[in-house]
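Report on the structure given below.
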Amino acid sequence: MAILRIERVVYGVTDVDTCTRFFEDFGLEHVAGPGVALRTRTGQHVELRAGDDPGLPPALEAASTLREVVWGVDSQEALDAIAADLSRDREVRTDAEGDVHTRDETGFGLGFAVARPVEADPRDGADNTHGRTTRWNRPVEPVGEVRPLRICHIALNIPKEGREAAVDFYLRRLGFFATDRVLDMGVFMRCEGDADQHTLLLCHRPDRAGVNHTAYEVGSFDEVIVGANQMIERGWHEARRLGRHTIGSNVFRFIHAPCGGRVEFAADMDRVDDTYPTRTWETAPPHHLWTVRTTRGEGE
C-alpha cells in the first residue's frame, strides 16, 4: 500500500480573507501552516495563499484556483520510491519538511507527504426502517454545527487532447484504480489505500484545465442538508441542490467557492474493494438518481 488519501489541497487566491471566511463557515479549523491553513476533523489541510505567491505551482486557469493536490502516503519508504520514480521524467523537488513536489501530465501541482491521519468518529446518524431498528429509545438530535470529517475526493477538469496520458499517469505511475470510465466525460478512480468508489475524477468534458470541485464527507444525510443550509444562511450560494449521484451513489449538495470551483458536502458514498470491476460507459449516465424538486416559489 502506498497512497492512502488526499493530505492537503493548496489554493492560490485573489482574496485570502474572503476564502478564509468561507472555509471557517464551512466548518474547518485553523492550524499553523503557510499562508492560511485550515483542517478537517481527520487532519487534512486546506491551504490558502495569495495567487502571486512565488512558491506556488503555476496556475492553469485565471483568477483563484486550486494549485496543488498533496497525497498522503503510508511511509517514508513509499515517499522516497515515488520521488525516485517520478524524477526519471520530470522535475521533482523535496521541501524543508520532506514533502515531495512535482506536476502531473496536465500541469497541476502534485505533491506527496507521509500521511498524518487523526481519528474522528462520525456522529451516530443511524436510521430505523421496517425490519431493521438501529436506534432504540432515543430521538434524533439536532445536528448542530457541521464540521466535515475529511476531504473524500477531488474532481479536476482536463483538456480532451492528452486525456489518455493524463489518466494513465495516475493509474500506472501512482497505482490508482479506475472504477468507472465514462468515455464521453472522464475517468473516476480511487487511490490504493482508500475504499471510496472514487478519490479522483479527471473530467475531459469541458475540454479545459482547472478545478471542478473538492468533496468533503460529513457524518450523515442530515449533515449534508444542514451543512449547506448553514452556508446559505451565512451568505454563500448553492451551486447544485440536494441529490444523490448515480456514479458513487453519494448524497450531495454543492456550494460555489471563492477559491475556485465548488465544494461538495457528501455522505454515503459506495465503498469498494479490489474485486470491484472497472465499469465502462459509452456515454455519461444520468448525473443523479434524484434531486429535490419543489413547486414552491422563493417567497413561499
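Please note that chains go A, B, ... in the order of the C-alpha cells, that every chain numbers its residues from 1, and that ligands are numbered from 1 in the order shown.
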_Who sits within 6 Å of A:Gln197, only C-alpha atoms, same chain under 6 positions skipped, as a ChimeraX atom specification_ = /A:248,270-272
*Pick the closest to A:Gly33 from A:Arg123, A:Arg8, A:Arg181, A:Arg205: which is it, counting only C-alpha atoms?*
A:Arg8
*Contacts of A:Pro34 at 10 Å or less, counting only C-alpha atoms, minus same-chain residues fewer than 5 places along, as a list in words?*
Val10, Glu47, Leu48 and Arg49 of chain A
Got time to write the residues from that selection, C-alpha atoms, as a PDB file, in the first residue's frame?
ATOM      1  CA  VAL A  10      -3.430  24.267  -1.869  1.00  0.00           C
ATOM      2  CA  GLU A  47      -4.022  25.986   2.409  1.00  0.00           C
ATOM      3  CA  LEU A  48      -4.956  29.433   1.150  1.00  0.00           C
ATOM      4  CA  ARG A  49      -2.166  31.540  -0.309  1.00  0.00           C
TER       5      ARG A  49
END
*Have a look at A:Trp281, A:Tyr11, A:Phe112, A:Trp236 and name the one nearest to A:Asp74; count only C-alpha atoms.*
A:Phe112
*For the atom pair atom CA of A:Arg234 and atom CA of A:Phe22, what is the interatomic distance in Å to one decimal place?*
9.1 Å
_Interatomic distance, atom CA of A:Asp207 to atom CA of A:Val70 (Å, one decimal)_ = 23.8 Å
*Distance of atom CA of A:Asn250 from atom CA of A:Asp268, expressed in Å to one decimal place*: 5.0 Å
*For A:Pro57: contacts at 8 Å, only C-alpha atoms, fewer than 3 positions along chain excluded, given as a PyMOL selection string*: chain A and resi 54+67-68+108-109
*From a DSSP calculation on the backbone, collect every residue of stretch 9-180 of chain A in alpha helix (DSSP H) and output the set as a list in words.*
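Alpha helix (DSSP H) members of stretch 9-180 of chain A, listed: Val16, Asp17, Thr18, Cys19, Thr20, Arg21, Phe22, Phe23, Glu24, Asp25, Phe26, Gln76, Glu77, Ala78, Leu79, Asp80, Ala81, Ile82, Ala83, Ala84, Asp85, Leu86, Arg163, Glu164, Ala165, Ala166, Val167 and Asp168 of chain A.
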_So that I can see what lies close to A:Val13, please list as a list in words the residues with an atom at most 7 Å from it, counting only C-alpha atoms and leaving out residues fewer than 6 positions away in the same chain._
Leu48, Arg49, Ala50, Gly51, Ala63, Ser64, Thr65 and Cys259 of chain A
Write out as a compact mmCIF listing (two decimals) with N, CA and C atoms, in the first residue's frame each polymer residue whose atoms come within 9 Å of A:Thr20, counting only C-alpha atoms; drop sequence neighbours fewer than 6 positions from it.
# COMPACT_ATOMS: atom_id res chain seq x y z
N VAL A 36 -2.71 30.77 5.04
CA VAL A 36 -3.76 30.39 5.99
C VAL A 36 -4.01 28.91 5.81
N ALA A 37 -4.01 28.17 6.90
CA ALA A 37 -4.23 26.72 6.83
C ALA A 37 -5.40 26.36 7.74
N LEU A 38 -6.27 25.51 7.23
CA LEU A 38 -7.41 25.00 7.99
C LEU A 38 -7.46 23.50 7.78
N LEU A 48 -4.55 28.28 1.94
CA LEU A 48 -4.96 29.43 1.15
C LEU A 48 -3.79 30.40 1.09
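The shell of residues at most 12 Å from A:Asp25, with only C-alpha atoms counted and near chain neighbours (fewer than 2 positions) removed, consists of Thr18, Cys19, Thr20, Arg21, Phe22, Phe23, Gly27, Leu28, Glu29, His30, Leu38, Glu145, Val146, Arg147, Pro148, Gly227, Ala228, Asn229, Gln230, Met231, Ile232, Glu233, Arg234, Gly235, Trp236, Ile255 and Ala257 of chain A.
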Writer output for current selection, N, CA and C atoms, as a PDB file, in the first residue's frame:
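As written to disk, again-v2.pdb reads:
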ATOM      1  N   THR A  18     -11.567  36.562   2.264  1.00  0.00           N
ATOM      2  CA  THR A  18     -12.881  36.021   1.908  1.00  0.00           C
ATOM      3  C   THR A  18     -12.840  34.499   1.856  1.00  0.00           C
ATOM      4  N   CYS A  19     -11.778  33.940   1.289  1.00  0.00           N
ATOM      5  CA  CYS A  19     -11.672  32.480   1.203  1.00  0.00           C
ATOM      6  C   CYS A  19     -11.507  31.864   2.589  1.00  0.00           C
ATOM      7  N   THR A  20     -10.805  32.568   3.478  1.00  0.00           N
ATOM      8  CA  THR A  20     -10.676  32.087   4.850  1.00  0.00           C
ATOM      9  C   THR A  20     -12.043  32.044   5.528  1.00  0.00           C
ATOM     10  N   ARG A  21     -12.813  33.103   5.369  1.00  0.00           N
ATOM     11  CA  ARG A  21     -14.154  33.125   5.972  1.00  0.00           C
ATOM     12  C   ARG A  21     -15.017  32.017   5.409  1.00  0.00           C
ATOM     13  N   PHE A  22     -14.875  31.723   4.120  1.00  0.00           N
ATOM     14  CA  PHE A  22     -15.647  30.644   3.506  1.00  0.00           C
ATOM     15  C   PHE A  22     -15.376  29.318   4.206  1.00  0.00           C
ATOM     16  N   PHE A  23     -14.106  28.970   4.379  1.00  0.00           N
ATOM     17  CA  PHE A  23     -13.786  27.671   4.971  1.00  0.00           C
ATOM     18  C   PHE A  23     -14.026  27.646   6.478  1.00  0.00           C
ATOM     19  N   GLY A  27     -16.795  24.946   8.259  1.00  0.00           N
ATOM     20  CA  GLY A  27     -16.605  24.075   9.403  1.00  0.00           C
ATOM     21  C   GLY A  27     -15.200  23.574   9.611  1.00  0.00           C
ATOM     22  N   LEU A  28     -14.206  24.161   8.921  1.00  0.00           N
ATOM     23  CA  LEU A  28     -12.821  23.743   9.116  1.00  0.00           C
ATOM     24  C   LEU A  28     -12.173  24.553  10.235  1.00  0.00           C
ATOM     25  N   GLU A  29     -11.121  23.995  10.810  1.00  0.00           N
ATOM     26  CA  GLU A  29     -10.459  24.556  11.983  1.00  0.00           C
ATOM     27  C   GLU A  29      -9.091  25.100  11.596  1.00  0.00           C
ATOM     28  N   HIS A  30      -8.736  26.288  12.104  1.00  0.00           N
ATOM     29  CA  HIS A  30      -7.437  26.884  11.819  1.00  0.00           C
ATOM     30  C   HIS A  30      -6.299  26.068  12.432  1.00  0.00           C
ATOM     31  N   LEU A  38      -6.274  25.511   7.228  1.00  0.00           N
ATOM     32  CA  LEU A  38      -7.408  25.002   7.987  1.00  0.00           C
ATOM     33  C   LEU A  38      -7.459  23.499   7.784  1.00  0.00           C
ATOM     34  N   GLU A 145     -23.565  22.447  14.652  1.00  0.00           N
ATOM     35  CA  GLU A 145     -22.595  22.971  13.688  1.00  0.00           C
ATOM     36  C   GLU A 145     -21.931  21.822  12.940  1.00  0.00           C
ATOM     37  N   VAL A 146     -22.013  21.843  11.619  1.00  0.00           N
ATOM     38  CA  VAL A 146     -21.439  20.770  10.809  1.00  0.00           C
ATOM     39  C   VAL A 146     -19.945  21.010  10.622  1.00  0.00           C
ATOM     40  N   ARG A 147     -19.156  19.980  10.898  1.00  0.00           N
ATOM     41  CA  ARG A 147     -17.713  20.022  10.692  1.00  0.00           C
ATOM     42  C   ARG A 147     -17.320  18.813   9.856  1.00  0.00           C
ATOM     43  N   PRO A 148     -16.871  19.020   8.623  1.00  0.00           N
ATOM     44  CA  PRO A 148     -16.555  17.892   7.739  1.00  0.00           C
ATOM     45  C   PRO A 148     -15.510  16.956   8.330  1.00  0.00           C
ATOM     46  N   GLY A 227     -25.469  21.248   6.678  1.00  0.00           N
ATOM     47  CA  GLY A 227     -24.232  21.944   6.367  1.00  0.00           C
ATOM     48  C   GLY A 227     -24.411  22.958   5.249  1.00  0.00           C
ATOM     49  N   ALA A 228     -25.093  22.568   4.188  1.00  0.00           N
ATOM     50  CA  ALA A 228     -25.338  23.505   3.086  1.00  0.00           C
ATOM     51  C   ALA A 228     -26.304  24.603   3.512  1.00  0.00           C
ATOM     52  N   ASN A 229     -27.300  24.254   4.320  1.00  0.00           N
ATOM     53  CA  ASN A 229     -28.201  25.291   4.844  1.00  0.00           C
ATOM     54  C   ASN A 229     -27.422  26.341   5.624  1.00  0.00           C
ATOM     55  N   GLN A 230     -26.490  25.899   6.447  1.00  0.00           N
ATOM     56  CA  GLN A 230     -25.692  26.836   7.237  1.00  0.00           C
ATOM     57  C   GLN A 230     -24.870  27.750   6.339  1.00  0.00           C
ATOM     58  N   MET A 231     -24.312  27.209   5.258  1.00  0.00           N
ATOM     59  CA  MET A 231     -23.545  28.039   4.324  1.00  0.00           C
ATOM     60  C   MET A 231     -24.441  29.080   3.646  1.00  0.00           C
ATOM     61  N   ILE A 232     -25.630  28.673   3.248  1.00  0.00           N
ATOM     62  CA  ILE A 232     -26.561  29.610   2.606  1.00  0.00           C
ATOM     63  C   ILE A 232     -26.981  30.704   3.582  1.00  0.00           C
ATOM     64  N   GLU A 233     -27.225  30.328   4.839  1.00  0.00           N
ATOM     65  CA  GLU A 233     -27.593  31.308   5.862  1.00  0.00           C
ATOM     66  C   GLU A 233     -26.486  32.334   6.086  1.00  0.00           C
ATOM     67  N   ARG A 234     -25.246  31.953   5.800  1.00  0.00           N
ATOM     68  CA  ARG A 234     -24.103  32.851   6.003  1.00  0.00           C
ATOM     69  C   ARG A 234     -23.743  33.630   4.736  1.00  0.00           C
ATOM     70  N   GLY A 235     -24.588  33.513   3.716  1.00  0.00           N
ATOM     71  CA  GLY A 235     -24.430  34.349   2.531  1.00  0.00           C
ATOM     72  C   GLY A 235     -23.768  33.713   1.336  1.00  0.00           C
ATOM     73  N   TRP A 236     -23.404  32.418   1.417  1.00  0.00           N
ATOM     74  CA  TRP A 236     -22.791  31.730   0.291  1.00  0.00           C
ATOM     75  C   TRP A 236     -23.875  31.144  -0.604  1.00  0.00           C
ATOM     76  N   ILE A 255     -21.686  23.980  -3.102  1.00  0.00           N
ATOM     77  CA  ILE A 255     -21.639  25.411  -2.825  1.00  0.00           C
ATOM     78  C   ILE A 255     -20.546  26.037  -3.691  1.00  0.00           C
ATOM     79  N   ALA A 257     -17.473  28.238  -4.474  1.00  0.00           N
ATOM     80  CA  ALA A 257     -16.358  28.571  -3.588  1.00  0.00           C
ATOM     81  C   ALA A 257     -15.550  29.741  -4.158  1.00  0.00           C
TER      82      ALA A 257
END
*Running DSSP on the backbone, which parts of stretch 203-258 of chain A land in strand (DSSP E or B), as a VMD selection string?*
chain A and resid 203 210 to 217 238 to 245 251 to 256
*Select, from A:Ile151, A:Ala120, A:Val224, A:Ile82, the residue with the minimum atom-to-atom distance to A:Arg172, counting only C-alpha atoms.*
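When distances to A:Arg172 are compared using only C-alpha atoms, the smallest one comes from A:Ile82.
Counting only C-alpha atoms and comparing A:His153, A:Arg279, A:Arg88, A:Arg173, the residue that lies closest to A:Asn212 is A:His153.
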